[in-house]
Amino acid sequence: TPRRRFILADTPGHVQYTRNMVTGASTAELTVILVDARNGVVKQTRRHAAIAALLRVPHVVLAVNKMDLVAYEEEAFDRIVQDFAGHAEELGLTGFTPIPVSALAGDNVVERSAHMGWYAGPALLEYLETVPVGDGHAGAPARFPVQYVIRHEEARHYAGQLVSGSLRVGDRVTVHPSGVTTEITGIDVLGTEVDVAYAPQSITVRLAGRQDVSRGDMITTEADAPTLTRDVRAAVCHLAERPLRVGDRVLVRHTTRTVKAIVKDLSEGGYPARAQPGVGKDALAANDLGRITLRTAEPLALDDYADVRRTGAFILVDPADGATLTAGMADLS
């Protein structure tokens with residue numbers, strides 16, 4: 001639009017496509033949850049709200065559609081908003097913006113409706129164009145997963161994307177999981193030396209001394225180190241057709257690091273009903289939401305997903321064929 005550029009992830013609403021919504025919400029800054037004004041909040045609505053809360057989407061819009069089919073009544077809109085608010089509170093969804101719309105007639109989609117004088121808020125596009133967004137990286141602790149090591153003459157350059165926070169020349173840093181501490185002696189962005197780099201820039205970093213750093217290691221500022229653990233607790237959405245069961249051996253891919261792990265425990269975790277009932281309490285089927293406990297063979301430098309989305313997220317991979325099994329959001333509290 002003239003005011004802002006958008007990337008849209010159109011995720012189907014049916015329960016069998018829960019994994020599509022998880023994928024879309026994982027990088028979203030705003031989600032629009034669409035509700036039919038005739039039917040109100042249904043199981044599908046609650047499931048989508050749970051995903052928005054689980055993946056910490058910063059902004060949520062409750063778009064109550066088909067207001068023309070309920071005679072544009074304020075009471076019908078208010079009932080739906082109050083019902084949704086109750087579920088949002090249970091899920092820990094801190095806030096949402098309700099907007100009554102009629103997609104067919106164009107009411108409150110691009111321009112404010114003349115049929116709903118009782119509504120004083122913005123039209124949907126007006127809100128999307130003006131809602132404050134930002135990548136949220138700047139205030140977060142510095143996290144730099146090493147993707148590649150470049151050896152040039154006598155120097156070693158550690159390349160990757162700075163996924164949160166900032167790094168400066170002279171910063172005292174820690175390399176995980178080894179725990180080695182050292183100092184940043186140089187930073188390059190697109191081949192140019194700089195004094196400071198900010199997420200989400202792709203950079204190379206040089207460290208004082210000859211450090212043993214390789215792909216999968218994570219460089220962080222010494223003062224804001226992540227939790228180093230082999231016991232991982234997380235909320236998950238299972239993506240694969242074959243169930244995930246207690247005792248399964250998997251690979252955990254976290255940023256640029258891959259480690260072996262075993263599934264120690266699974267539970268429904270209070271999330272909406274199973275996508276495929278009857279699988280059993282010790283298993284998750286495709287599109288199921290739940291909670292998991294893993295024991296990894298090597299420590300991971302994890303953050304709570306609520307604090308840093310990029311370093312709190314991981315996926316489980318089938319070690320036999322490399323297929324993606326499960327999306328996880330670490331909960332270390």
# chains A, B, ... in the order shown; residues from 1 in each chain; ligands from 1
>>> residues_around(residues="Leu228 of chain A", least_positions_apart="2", cutoff="10 Å", atoms="only C-alpha atoms", output="PyMOL selection string")
chain A and resi 176-177+179+225-226+230-232+298-303
>>> write_last_selection(atoms="C-alpha atoms", output="PDB file, in the first residue's frame")
ATOM      1  CA  HIS A 176      28.922 -21.740  23.915  1.00  0.00           C
ATOM      2  CA  PRO A 177      28.921 -24.598  24.726  1.00  0.00           C
ATOM      3  CA  GLY A 179      32.315 -21.529  27.905  1.00  0.00           C
ATOM      4  CA  ALA A 225      24.538 -15.605  28.627  1.00  0.00           C
ATOM      5  CA  PRO A 226      21.742 -18.041  27.704  1.00  0.00           C
ATOM      6  CA  ARG A 230      20.617 -30.860  28.273  1.00  0.00           C
ATOM      7  CA  ASP A 231      17.097 -31.006  29.731  1.00  0.00           C
ATOM      8  CA  VAL A 232      14.756 -29.199  27.377  1.00  0.00           C
ATOM      9  CA  GLU A 298      25.097 -32.363  24.220  1.00  0.00           C
ATOM     10  CA  PRO A 299      24.157 -29.057  25.878  1.00  0.00           C
ATOM     11  CA  LEU A 300      22.214 -26.391  23.988  1.00  0.00           C
ATOM     12  CA  ALA A 301      22.464 -22.629  24.546  1.00  0.00           C
ATOM     13  CA  LEU A 302      18.733 -22.019  24.879  1.00  0.00           C
ATOM     14  CA  ASP A 303      16.658 -18.965  25.700  1.00  0.00           C
TER      15      ASP A 303
END
>>> residues_around(residues="segment 192-202 of chain A", least_positions_apart="6", cutoff="8 Å", atoms="only C-alpha atoms", output="JSON list (two decimals) with N, CA and C atoms, in the first residue's frame")
[["chain", "number", "residue", "atom", "x", "y", "z"],
["A", 137, "HIS", "N", 14.48, -7.12, 17.88],
["A", 137, "HIS", "CA", 15.80, -7.66, 18.14],
["A", 137, "HIS", "C", 16.66, -6.73, 19.00],
["A", 138, "ALA", "N", 16.44, -5.42, 18.85],
["A", 138, "ALA", "CA", 17.38, -4.45, 19.39],
["A", 138, "ALA", "C", 17.55, -4.56, 20.90],
["A", 159, "ALA", "N", 31.34, -16.49, 10.62],
["A", 159, "ALA", "CA", 30.27, -15.90, 9.83],
["A", 159, "ALA", "C", 28.91, -16.45, 10.25],
["A", 160, "GLY", "N", 27.89, -15.60, 10.13],
["A", 160, "GLY", "CA", 26.53, -16.01, 10.44],
["A", 160, "GLY", "C", 25.62, -14.81, 10.54],
["A", 161, "GLN", "N", 24.41, -15.04, 11.03],
["A", 161, "GLN", "CA", 23.45, -13.95, 11.22],
["A", 161, "GLN", "C", 23.33, -13.64, 12.71],
["A", 162, "LEU", "N", 23.45, -12.38, 13.04],
["A", 162, "LEU", "CA", 23.20, -11.92, 14.41],
["A", 162, "LEU", "C", 21.69, -11.93, 14.60],
["A", 163, "VAL", "N", 21.17, -12.89, 15.37],
["A", 163, "VAL", "CA", 19.72, -13.08, 15.41],
["A", 163, "VAL", "C", 19.02, -12.20, 16.43],
["A", 164, "SER", "N", 19.77, -11.64, 17.39],
["A", 164, "SER", "CA", 19.16, -10.69, 18.31],
["A", 164, "SER", "C", 20.25, -9.84, 18.95],
["A", 165, "GLY", "N", 19.84, -8.64, 19.42],
["A", 165, "GLY", "CA", 20.77, -7.77, 20.13],
["A", 165, "GLY", "C", 21.80, -7.12, 19.22],
["A", 166, "SER", "N", 22.91, -6.73, 19.80],
["A", 166, "SER", "CA", 23.98, -6.07, 19.07],
["A", 166, "SER", "C", 25.34, -6.51, 19.61],
["A", 167, "LEU", "N", 26.36, -6.42, 18.76],
["A", 167, "LEU", "CA", 27.73, -6.72, 19.15],
["A", 167, "LEU", "C", 28.62, -5.56, 18.75],
["A", 168, "ARG", "N", 29.59, -5.24, 19.61],
["A", 168, "ARG", "CA", 30.53, -4.15, 19.35],
["A", 168, "ARG", "C", 31.96, -4.65, 19.44],
["A", 169, "VAL", "N", 32.83, -4.01, 18.69],
["A", 169, "VAL", "CA", 34.25, -4.29, 18.83],
["A", 169, "VAL", "C", 34.67, -3.93, 20.26],
["A", 186, "GLY", "N", 37.14, -7.54, 15.82],
["A", 186, "GLY", "CA", 36.72, -6.96, 14.54],
["A", 186, "GLY", "C", 35.37, -7.51, 14.10]]
>>> closest_residue(among="A:Val15, A:Val175, A:Ile315, A:Val41", to="Val213 of chain A", atoms="only C-alpha atoms")
A:Val175
>>> closest_residue(among="A:Gln82, A:Gln16, A:Thr130, A:Thr11", to="Asp288 of chain A", atoms="only C-alpha atoms")
A:Gln16
>>> residues_around(residues="Thr94 of chain A", least_positions_apart="2", cutoff="12 Å", atoms="only C-alpha atoms", output="NGL selection string")
:A and (49-50 or 52-54 or 56-60 or 85-92 or 96-97)
>>> write_last_selection(atoms="N, CA and C atoms", output="PDB file, in the first residue's frame")
ATOM      1  N   ALA A  49      -6.142 -19.013  18.469  1.00  0.00           N
ATOM      2  CA  ALA A  49      -5.713 -18.120  19.544  1.00  0.00           C
ATOM      3  C   ALA A  49      -4.598 -18.759  20.356  1.00  0.00           C
ATOM      4  N   ALA A  50      -4.709 -20.073  20.587  1.00  0.00           N
ATOM      5  CA  ALA A  50      -3.669 -20.789  21.329  1.00  0.00           C
ATOM      6  C   ALA A  50      -2.341 -20.720  20.592  1.00  0.00           C
ATOM      7  N   ALA A  52      -1.389 -18.372  18.405  1.00  0.00           N
ATOM      8  CA  ALA A  52      -0.896 -16.992  18.482  1.00  0.00           C
ATOM      9  C   ALA A  52      -0.228 -16.718  19.824  1.00  0.00           C
ATOM     10  N   ALA A  53      -0.824 -17.262  20.898  1.00  0.00           N
ATOM     11  CA  ALA A  53      -0.235 -17.081  22.224  1.00  0.00           C
ATOM     12  C   ALA A  53       1.038 -17.893  22.371  1.00  0.00           C
ATOM     13  N   LEU A  54       1.008 -19.123  21.877  1.00  0.00           N
ATOM     14  CA  LEU A  54       2.144 -20.030  21.990  1.00  0.00           C
ATOM     15  C   LEU A  54       3.365 -19.483  21.270  1.00  0.00           C
ATOM     16  N   ARG A  56       3.896 -16.369  20.541  1.00  0.00           N
ATOM     17  CA  ARG A  56       4.179 -14.996  20.977  1.00  0.00           C
ATOM     18  C   ARG A  56       4.097 -13.987  19.826  1.00  0.00           C
ATOM     19  N   VAL A  57       3.040 -14.099  19.014  1.00  0.00           N
ATOM     20  CA  VAL A  57       2.834 -13.106  17.956  1.00  0.00           C
ATOM     21  C   VAL A  57       2.540 -11.764  18.628  1.00  0.00           C
ATOM     22  N   PRO A  58       3.289 -10.706  18.318  1.00  0.00           N
ATOM     23  CA  PRO A  58       3.156  -9.451  19.070  1.00  0.00           C
ATOM     24  C   PRO A  58       1.784  -8.790  18.994  1.00  0.00           C
ATOM     25  N   HIS A  59       1.096  -8.902  17.841  1.00  0.00           N
ATOM     26  CA  HIS A  59      -0.197  -8.232  17.672  1.00  0.00           C
ATOM     27  C   HIS A  59      -1.222  -9.226  17.136  1.00  0.00           C
ATOM     28  N   VAL A  60      -2.429  -9.187  17.708  1.00  0.00           N
ATOM     29  CA  VAL A  60      -3.515 -10.069  17.277  1.00  0.00           C
ATOM     30  C   VAL A  60      -4.744  -9.220  16.970  1.00  0.00           C
ATOM     31  N   ALA A  85     -12.295 -12.829  24.636  1.00  0.00           N
ATOM     32  CA  ALA A  85     -11.448 -12.263  25.694  1.00  0.00           C
ATOM     33  C   ALA A  85     -11.238 -13.258  26.829  1.00  0.00           C
ATOM     34  N   GLY A  86     -12.286 -14.030  27.150  1.00  0.00           N
ATOM     35  CA  GLY A  86     -12.149 -15.034  28.198  1.00  0.00           C
ATOM     36  C   GLY A  86     -11.131 -16.098  27.836  1.00  0.00           C
ATOM     37  N   HIS A  87     -11.184 -16.581  26.607  1.00  0.00           N
ATOM     38  CA  HIS A  87     -10.225 -17.588  26.159  1.00  0.00           C
ATOM     39  C   HIS A  87      -8.817 -16.988  26.074  1.00  0.00           C
ATOM     40  N   ALA A  88      -8.730 -15.740  25.618  1.00  0.00           N
ATOM     41  CA  ALA A  88      -7.417 -15.096  25.505  1.00  0.00           C
ATOM     42  C   ALA A  88      -6.745 -14.989  26.863  1.00  0.00           C
ATOM     43  N   GLU A  89      -7.520 -14.662  27.880  1.00  0.00           N
ATOM     44  CA  GLU A  89      -6.958 -14.547  29.233  1.00  0.00           C
ATOM     45  C   GLU A  89      -6.436 -15.899  29.722  1.00  0.00           C
ATOM     46  N   GLU A  90      -7.186 -16.969  29.459  1.00  0.00           N
ATOM     47  CA  GLU A  90      -6.757 -18.306  29.860  1.00  0.00           C
ATOM     48  C   GLU A  90      -5.449 -18.701  29.174  1.00  0.00           C
ATOM     49  N   LEU A  91      -5.268 -18.268  27.941  1.00  0.00           N
ATOM     50  CA  LEU A  91      -4.100 -18.644  27.151  1.00  0.00           C
ATOM     51  C   LEU A  91      -2.899 -17.741  27.401  1.00  0.00           C
ATOM     52  N   GLY A  92      -3.116 -16.647  28.142  1.00  0.00           N
ATOM     53  CA  GLY A  92      -2.027 -15.701  28.354  1.00  0.00           C
ATOM     54  C   GLY A  92      -1.809 -14.777  27.173  1.00  0.00           C
ATOM     55  N   PHE A  96      -5.616  -7.969  22.324  1.00  0.00           N
ATOM     56  CA  PHE A  96      -6.013  -8.145  20.933  1.00  0.00           C
ATOM     57  C   PHE A  96      -6.866  -6.958  20.531  1.00  0.00           C
ATOM     58  N   THR A  97      -6.989  -6.750  19.219  1.00  0.00           N
ATOM     59  CA  THR A  97      -7.761  -5.629  18.680  1.00  0.00           C
ATOM     60  C   THR A  97      -8.956  -6.177  17.910  1.00  0.00           C
TER      61      THR A  97
END
>>> select_by_dssp(residues="segment 88-226 of chain A", states="alpha helix (DSSP H)", output="PyMOL selection string")
chain A and resi 88-91+124-130
>>> closest_residue(among="A:Thr221, A:Thr27, A:Thr18, A:Thr293", to="Thr45 of chain A", atoms="only C-alpha atoms")
A:Thr18
>>> residues_around(residues="Val110 of chain A", least_positions_apart="4", cutoff="10 Å", atoms="only C-alpha atoms", output="PyMOL selection string")
chain A and resi 101+103+106+122-127
>>> select_by_dssp(residues="segment 90-319 of chain A", states="strand (DSSP E)", output="PyMOL selection string")
chain A and resi 97-100+143-145+148-152+155-161+166-168+172-176+180-189+192-194+196-198+202-207+218-221+227-238+244-245+249-254+257-267+283-284+289-302+313-317
>>> closest_residue(among="A:Asn39, A:Thr220, A:Thr229, A:Thr204", to="Thr174 of chain A", atoms="only C-alpha atoms")
A:Thr220
>>> closest_residue(among="A:Leu8, A:Arg47, A:Gly40, A:Asp107", to="Tyr72 of chain A", atoms="only C-alpha atoms")
A:Asp107
>>> atom_distance(atom1="atom CA of Arg156 of chain A", atom2="atom CA of Arg310 of chain A")
25.4 Å
>>> atom_distance(atom1="atom CA of Lys66 of chain A", atom2="atom CA of Ala37 of chain A")
5.6 Å
>>> residues_around(residues="Asp10 of chain A", least_positions_apart="2", cutoff="12 Å", atoms="only C-alpha atoms", output="PyMOL selection string")
chain A and resi 7-8+12-13+17+20-25+28+31-34
>>> decode(residues="segment 121-137 of chain A", atoms="C-alpha atoms", output="PDB file, in the first residue's frame")
ATOM      1  CA  GLY A 121     -12.039   2.109  15.905  1.00  0.00           C
ATOM      2  CA  PRO A 122     -10.008   1.859  12.687  1.00  0.00           C
ATOM      3  CA  ALA A 123     -10.778  -0.112   9.545  1.00  0.00           C
ATOM      4  CA  LEU A 124      -8.712  -3.278   9.136  1.00  0.00           C
ATOM      5  CA  LEU A 125      -6.275  -1.879   6.549  1.00  0.00           C
ATOM      6  CA  GLU A 126      -5.980   1.378   8.495  1.00  0.00           C
ATOM      7  CA  TYR A 127      -4.920  -0.602  11.559  1.00  0.00           C
ATOM      8  CA  LEU A 128      -2.488  -2.780   9.585  1.00  0.00           C
ATOM      9  CA  GLU A 129      -0.859   0.323   8.126  1.00  0.00           C
ATOM     10  CA  THR A 130      -0.416   2.079  11.462  1.00  0.00           C
ATOM     11  CA  VAL A 131       0.206  -0.634  14.069  1.00  0.00           C
ATOM     12  CA  PRO A 132       3.731  -0.176  15.472  1.00  0.00           C
ATOM     13  CA  VAL A 133       5.978  -2.999  14.314  1.00  0.00           C
ATOM     14  CA  GLY A 134       9.641  -3.674  14.760  1.00  0.00           C
ATOM     15  CA  ASP A 135      11.801  -6.726  14.662  1.00  0.00           C
ATOM     16  CA  GLY A 136      12.129  -6.746  18.450  1.00  0.00           C
ATOM     17  CA  HIS A 137      15.805  -7.662  18.144  1.00  0.00           C
TER      18      HIS A 137
END
